[in-house]
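The file input.tsv comes next; it holds TSV, C-alpha atoms.
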chain	number	residue	atom	x	y	z
A	449	MET	CA	-15.49	-5.00	9.98
A	450	ASN	CA	-16.87	-8.49	10.27
A	451	ASN	CA	-17.29	-11.30	7.81
A	452	SER	CA	-17.29	-15.08	7.88
A	453	THR	CA	-14.04	-17.01	8.23
A	454	ASP	CA	-14.71	-19.01	5.04
A	455	LYS	CA	-12.79	-16.32	3.13
A	456	ILE	CA	-9.53	-17.22	4.84
A	457	PRO	CA	-7.18	-18.29	2.01
A	458	SER	CA	-6.84	-22.07	1.81
A	459	TRP	CA	-3.05	-22.00	2.28
A	460	LEU	CA	-3.44	-20.14	5.58
A	461	GLU	CA	-6.25	-22.46	6.69
A	462	ARG	CA	-3.97	-25.42	6.03
A	463	ALA	CA	-1.10	-23.78	7.88
A	464	ASN	CA	-3.38	-22.93	10.79
A	465	HIS	CA	-4.49	-26.56	10.96
A	466	HIS	CA	-0.88	-27.67	11.40
A	467	LEU	CA	-0.37	-25.15	14.18
A	468	LYS	CA	-3.53	-26.15	16.04
A	469	PHE	CA	-2.20	-29.70	16.30
A	470	GLY	CA	1.30	-28.61	17.29
A	471	GLN	CA	2.84	-29.60	13.96
A	472	LEU	CA	5.26	-26.71	13.56
A	473	GLU	CA	7.56	-28.81	11.37
A	474	HIS	CA	4.68	-29.50	8.95
A	475	PHE	CA	3.79	-25.81	8.97
A	476	THR	CA	7.40	-24.90	8.11
A	477	MET	CA	7.65	-27.47	5.32
A	478	ASP	CA	4.35	-26.28	3.90
A	479	MET	CA	5.55	-22.68	3.85
A	480	VAL	CA	8.73	-23.67	2.00
A	481	GLN	CA	6.54	-24.90	-0.86
A	482	ILE	CA	4.12	-21.98	-0.94
A	483	ARG	CA	3.77	-19.90	-4.11
A	484	ILE	CA	3.84	-16.12	-4.29
A	485	LYS	CA	0.41	-16.21	-5.97
A	486	ASP	CA	-1.01	-17.90	-2.88
A	487	ILE	CA	0.30	-15.09	-0.68
A	488	LEU	CA	-1.15	-12.46	-3.04
A	489	THR	CA	-4.64	-13.97	-3.17
A	490	ASP	CA	-7.20	-11.77	-1.35
A	491	SER	CA	-4.36	-9.70	0.10
A	492	CYS	CA	-4.04	-6.08	1.18
A	493	PHE	CA	-1.25	-4.02	-0.40
A	494	TYR	CA	-0.04	-1.11	1.76
A	495	LEU	CA	2.31	1.30	-0.01
A	496	SER	CA	4.71	3.50	1.99
A	497	ALA	CA	3.74	1.55	5.07
A	498	GLY	CA	6.46	2.55	7.53
A	499	ALA	CA	5.83	0.65	10.77
A	500	ASP	CA	2.08	1.24	10.56
A	501	ILE	CA	-0.40	-1.60	11.20
A	502	THR	CA	-3.61	0.38	10.53
A	503	PRO	CA	-4.92	-1.85	7.68
A	504	ILE	CA	-4.17	-5.04	9.63
A	505	VAL	CA	-6.37	-3.84	12.48
A	506	ALA	CA	-9.04	-2.37	10.19
A	507	PHE	CA	-9.37	-5.42	7.91
A	508	LYS	CA	-8.50	-8.22	10.35
A	509	ASP	CA	-11.94	-9.90	10.03
A	510	ILE	CA	-11.95	-10.06	6.22
A	511	ILE	CA	-8.30	-10.06	5.07
A	512	TYR	CA	-5.60	-12.40	6.36
A	513	SER	CA	-2.65	-11.75	4.02
A	514	TYR	CA	-0.89	-8.34	4.08
A	515	ILE	CA	1.82	-6.97	1.77
A	516	LEU	CA	3.56	-3.94	3.32
A	517	CYS	CA	6.01	-2.01	1.16
A	518	ASP	CA	8.33	0.93	1.75
A	519	LEU	CA	11.65	2.04	0.29
A	520	TYR	CA	13.19	4.66	2.58
A	521	LEU	CA	11.95	3.47	6.02
A	522	TYR	CA	11.82	6.91	7.65
A	523	THR	CA	10.05	5.66	10.78
A	524	SER	CA	12.64	3.10	11.83
A	525	ILE	CA	13.86	3.02	15.43
A	526	GLU	CA	16.75	5.34	16.24
A	527	GLY	CA	19.86	3.49	17.36
A	528	ILE	CA	19.20	0.38	15.26
A	529	GLU	CA	21.69	0.54	12.41
A	530	ASN	CA	19.68	-1.69	10.07
A	531	LYS	CA	16.56	0.36	9.31
A	532	PHE	CA	14.68	-2.68	8.02
A	533	ASN	CA	15.14	-4.45	11.34
A	534	GLY	CA	14.10	-1.28	13.13
A	535	ILE	CA	10.87	-1.10	11.15
A	536	LEU	CA	10.09	-4.75	11.88
A	537	VAL	CA	10.72	-4.33	15.62
A	538	LYS	CA	8.41	-1.32	15.77
A	539	MET	CA	5.71	-2.94	13.63
A	540	LYS	CA	5.79	-6.21	15.56
A	541	ASP	CA	5.56	-4.43	18.90
A	542	ARG	CA	2.38	-2.75	17.67
A	543	LEU	CA	0.94	-6.08	16.50
A	544	ASN	CA	1.71	-7.58	19.92
A	545	GLN	CA	-0.14	-4.70	21.58
A	546	GLN	CA	-3.20	-5.56	19.47
A	547	GLY	CA	-3.18	-9.16	20.65
A	548	LEU	CA	-1.41	-10.83	17.73
A	549	VAL	CA	1.29	-13.40	18.56
A	550	GLU	CA	4.12	-14.15	16.12
A	551	ILE	CA	4.43	-17.84	15.27
A	552	GLN	CA	7.17	-18.01	12.64
A	553	LYS	CA	9.11	-15.85	10.19
A	554	PHE	CA	11.17	-16.34	7.04
A	555	ASN	CA	13.33	-14.14	4.83
A	556	LEU	CA	12.30	-14.15	1.17
A	557	SER	CA	14.45	-13.39	-1.87
A	558	LYS	CA	13.56	-11.19	-4.83
A	559	ARG	CA	13.88	-14.30	-6.99
A	560	PHE	CA	11.03	-15.98	-5.10
A	561	LEU	CA	8.96	-12.79	-5.27
A	562	GLY	CA	9.76	-12.17	-8.92
A	563	ILE	CA	10.78	-8.57	-8.19
A	564	LYS	CA	13.40	-6.78	-10.26
A	565	ASP	CA	15.58	-3.78	-9.52
A	566	SER	CA	14.71	-0.75	-11.63
A	567	ARG	CA	16.05	2.57	-12.84
A	568	TRP	CA	13.30	5.16	-13.24
A	569	SER	CA	15.63	7.96	-14.28
A	570	ILE	CA	19.27	9.01	-14.15
A	571	ASP	CA	18.79	10.25	-10.59
A	572	TYR	CA	16.52	7.51	-9.27
A	573	ASN	CA	17.61	3.89	-9.06
A	574	SER	CA	15.51	1.51	-6.97
A	575	GLU	CA	17.09	-1.71	-5.69
A	576	PHE	CA	15.37	-4.46	-3.74
A	577	GLN	CA	16.77	-4.34	-0.21
A	578	ASN	CA	15.13	-6.95	1.97
A	579	CYS	CA	11.97	-8.93	2.64
A	580	GLU	CA	10.48	-10.89	5.54
A	581	ILE	CA	7.24	-12.80	5.89
A	582	SER	CA	5.91	-13.41	9.38
A	583	PHE	CA	2.91	-15.37	10.62
A	584	TRP	CA	0.64	-14.24	13.42
A	585	ASN	CA	-2.07	-15.89	15.48
A	586	MET	CA	-5.05	-14.19	17.06
A	587	GLU	CA	-8.30	-15.81	18.22
A	588	ASP	CA	-7.44	-19.06	16.40
A	589	LYS	CA	-6.94	-17.23	13.10
A	590	LEU	CA	-3.66	-17.04	11.21
A	591	TYR	CA	-2.40	-13.92	9.44
A	592	SER	CA	0.60	-13.40	7.18
A	593	VAL	CA	2.53	-10.12	6.99
A	594	LEU	CA	4.98	-9.78	4.10
A	595	TYR	CA	7.21	-6.70	4.39
A	596	ILE	CA	9.19	-5.62	1.32
A	597	ASN	CA	11.88	-2.94	1.43
A	598	HIS	CA	11.61	-1.72	-2.16
A	599	ASP	CA	9.93	0.84	-4.43
A	600	ASN	CA	6.10	0.82	-4.17
A	601	THR	CA	5.34	0.91	-7.90
A	602	ARG	CA	8.01	-1.61	-8.90
A	603	THR	CA	6.79	-3.97	-6.21
A	604	TYR	CA	3.12	-3.61	-7.17
A	605	ARG	CA	3.84	-4.18	-10.86
A	606	ASP	CA	6.05	-7.21	-10.33
A	607	LEU	CA	3.75	-8.83	-7.78
A	608	TYR	CA	0.20	-8.09	-8.90
A	609	ILE	CA	0.23	-6.86	-12.51
A	610	ARG	CA	2.84	-9.36	-13.74
A	611	ASN	CA	0.88	-12.21	-12.14
A	612	GLY	CA	-2.46	-10.97	-13.48
A	613	MET	CA	-3.80	-10.38	-9.98
A	614	MET	CA	-5.37	-7.57	-7.98
A	615	PRO	CA	-5.23	-7.04	-4.22
A	616	LYS	CA	-8.47	-7.27	-2.27
A	617	ALA	CA	-7.57	-3.93	-0.68
A	618	ILE	CA	-5.11	-1.08	-1.19
A	619	CYS	CA	-4.04	1.11	1.72
A	620	GLU	CA	-2.52	4.50	0.96
A	621	LEU	CA	-2.11	7.06	3.74
A	622	LEU	CA	0.93	9.14	2.73
A	623	SER	CA	-0.37	11.84	0.40
A	624	GLU	CA	3.05	13.26	-0.50
A	625	ASP	CA	3.93	10.10	-2.40
A	626	GLY	CA	1.05	10.72	-4.83
A	627	GLY	CA	0.12	7.07	-5.28
A	628	LEU	CA	1.48	4.33	-7.53
A	629	ARG	CA	3.18	5.54	-10.72
A	630	LEU	CA	1.10	3.43	-13.09
A	631	THR	CA	0.33	3.75	-16.79
A	632	VAL	CA	-3.18	4.81	-17.80
A	633	LYS	CA	-4.13	1.21	-18.55
A	634	GLU	CA	-2.56	-0.14	-15.35
A	635	LYS	CA	-4.40	2.43	-13.26
A	636	LYS	CA	-7.68	1.77	-15.10
A	637	ASP	CA	-7.36	-1.90	-14.18
A	638	THR	CA	-6.61	-1.14	-10.51
A	639	LEU	CA	-10.00	-1.58	-8.84
A	640	PRO	CA	-9.64	-3.47	-5.54
A	641	GLU	CA	-12.70	-4.25	-3.47
A	642	TYR	CA	-11.57	-1.98	-0.63
A	643	VAL	CA	-9.49	1.20	-0.37
A	644	LEU	CA	-8.23	2.55	2.94
A	645	GLY	CA	-7.04	6.15	2.79
A	646	HIS	CA	-6.41	8.13	-0.40
A	647	LEU	CA	-7.75	6.98	-3.77
A	648	TYR	CA	-4.86	8.35	-5.86
A	649	SER	CA	-3.86	4.91	-7.22
A	650	ILE	CA	-7.41	3.81	-8.09
A	651	GLY	CA	-8.54	3.74	-11.71
A	652	ASP	CA	-12.14	4.94	-11.29
A	653	ILE	CA	-13.00	6.57	-7.98
A	654	GLU	CA	-16.63	6.98	-9.08
A	655	GLN	CA	-17.07	3.25	-8.55
A	656	TYR	CA	-16.39	3.62	-4.82
A	657	GLU	CA	-18.45	4.68	-1.84
A	658	ARG	CA	-17.38	5.34	1.71
A	659	ILE	CA	-18.42	2.64	4.17
A	660	SER	CA	-16.39	3.58	7.25
A	661	GLU	CA	-14.73	6.70	8.65
A	662	ASN	CA	-12.62	7.65	11.66
A	663	VAL	CA	-10.48	4.53	11.25
A	664	GLU	CA	-8.07	4.16	14.16
A	665	TYR	CA	-4.50	4.97	13.14
A	666	PHE	CA	-1.40	3.08	14.37
A	667	GLY	CA	1.46	4.78	12.50
A	668	ASP	CA	3.95	7.66	12.67
A	669	PHE	CA	3.54	9.70	9.51
A	670	LEU	CA	2.11	12.80	11.24
A	671	TYR	CA	5.60	13.33	12.67
A	672	ARG	CA	7.72	12.72	9.59
A	673	SER	CA	10.13	15.08	7.83
A	674	GLY	CA	10.70	17.35	10.81
A	675	GLU	CA	7.03	18.24	11.02
A	676	LYS	CA	6.43	16.95	14.53
A	677	GLY	CA	3.64	18.86	16.19
A	678	LYS	CA	2.33	20.36	12.95
A	679	HIS	CA	-1.04	18.67	13.47
A	680	SER	CA	-0.83	18.45	17.26
A	681	LYS	CA	-4.18	20.20	17.77
A	682	VAL	CA	-6.04	17.85	15.44
A	683	GLU	CA	-7.07	14.36	16.56
A	684	LYS	CA	-5.76	11.66	14.24
A	685	SER	CA	-9.25	10.22	13.85
A	686	LYS	CA	-10.45	13.54	12.36
A	687	PHE	CA	-8.31	13.31	9.23
A	688	GLU	CA	-10.64	12.81	6.28
A	689	PHE	CA	-8.45	10.23	4.56
A	690	LEU	CA	-8.77	7.80	7.49
A	691	GLN	CA	-11.75	6.21	5.77
A	692	ILE	CA	-12.58	2.95	4.04
A	693	HIS	CA	-14.17	2.92	0.58
A	694	ARG	CA	-15.68	-0.07	-1.16
A	695	ARG	CA	-16.55	-0.79	-4.78
A	696	LYS	CA	-20.25	-0.19	-5.29
A	697	ASN	CA	-20.92	-3.40	-7.18
A	698	LYS	CA	-20.14	-5.41	-4.04
A	699	THR	CA	-23.37	-6.29	-2.23
A	700	ASP	CA	-22.22	-8.14	0.90
A	701	SER	CA	-23.84	-6.79	4.06
A	702	LEU	CA	-21.83	-4.25	6.02
A	703	PRO	CA	-21.09	-4.69	9.73
Using structure tokens, write down the structure that the file contains.
Amino acid sequence: MNNSTDKIPSWLERANHHLKFGQLEHFTMDMVQIRIKDILTDSCFYLSAGADITPIVAFKDIIYSYILCDLYLYTSIEGIENKFNGILVKMKDRLNQQGLVEIQKFNLSKRFLGIKDSRWSIDYNSEFQNCEISFWNMEDKLYSVLYINHDNTRTYRDLYIRNGMMPKAICELLSEDGGLRLTVKEKKDTLPEYVLGHLYSIGDIEQYERISENVEYFGDFLYRSGEKGKHSKVEKSKFEFLQIHRRKNKTDSLP
């Protein structure tokens, strides 16, 4: 997908300017003062992301800020005790393979993010575990990847709904999770410009039309939960949910 670079968020343009002139210290100082709302602007929210980079590759020409979220981290690397670190190693290796180069990274606290721990029921208590934001360069463009180890719904509510914002895109590829657990009103108000994968979390699917199919997949979920080989005779690109939908009232030209 192609679009003009004038949609790069201003905070990333400014950061990229510092990097182009070798001012890493200015870049770092600028990032210390950044607001969570800046990071959320025109972002892609990927729930139950694992170590998958599919939306980053699919949307790289139109979205530059990515929020990846997962609680249980099933696809971490075996042998690495800290599953969060294992996920990051795997994800970053895939980004490197796609030509992205990591510039800098920072750990972020739940206080900065505004995320709270939650108890959904007696048997389910979700606590914020960890978070890292990393910055990546490719073809003179700068991308941010914020990875949050926490519950999908709690994270979405505290980031987007609490701040009165909506992501530019939502990516949802794991059908067994059934989407975000939103109220009727919250779901009705969830109408991002783009949806990659299932539309379970979207308020009105009739407002969307498919604009791309056979999206290339860069994750592991076909082999989760002891089901390795279950879909071995089916090419990943043939799965119907590997598609991009767009809200119909958007009239920009398609690639």
Between atom CA of A:Phe666 and atom CA of A:Ile525, what is the spacing in Å?
-> 15.3 Å
Need the axis-aligned box for stretch 515-518 of chain A with 4 Å each side, so what are the centre and edges in Å to one decimal, as lines of an AutoDock Vina configuration file?
center_x = 5.1
center_y = -3.0
center_z = 2.2
size_x = 14.5
size_y = 15.9
size_z = 10.2
Tell me which of A:Ala463, A:Cys492, A:Ile482, A:Val632 sits closest to A:Leu516, counting only C-alpha atoms.
-> A:Cys492
Quick one: pull the distance between atom CA of A:Asp509 and atom CA of A:Met479, Å, one decimal.
-> 22.5 Å
So what do you get for atom CA of A:Glu657 versus atom CA of A:Ile692, distance-wise?
->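 If I compute the distance from atom CA of A:Glu657 to atom CA of A:Ile692, I get 8.5 Å.
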Scan for residues within 10 Å of the point (13.1, 3.3, 9.4) in the coordinates of the file, using only C-alpha atoms, and reply as a PyMOL selection string.
-> chain A and resi 498-499+518-526+528-536+538
May I ask which of the residues A:His474, A:Arg483, A:Arg694, A:Arg542 is the closest one to A:Ile618, counting only C-alpha atoms?
->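 Looking only at the distances to A:Ile618, the closest residue turns out to be A:Arg694.
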Show me as a PyMOL selection string the residues that reach within 10 Å of (5.4, 3.9, -15.1), counting only C-alpha atoms and using the file's own coordinates.
-> chain A and resi 568+601-602+605+628-632+634
Closest of A:Lys589, A:Thr476, A:Asn600, A:Ile659 to A:Phe554 - atom-to-atom distances counting all atoms listed in the file | A:Thr476
Point out the residue among A:Glu575, A:Glu550, A:Glu664, A:Asp637 with the least atom-to-atom distance to A:Ser649, counting only C-alpha atoms.
-> A:Asp637
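Compared by their closest atoms to A:Lys635, and using all atoms listed in the file, the residues A:Lys616, A:Tyr604, A:His465, A:Ser660 rank with A:Tyr604 nearest.
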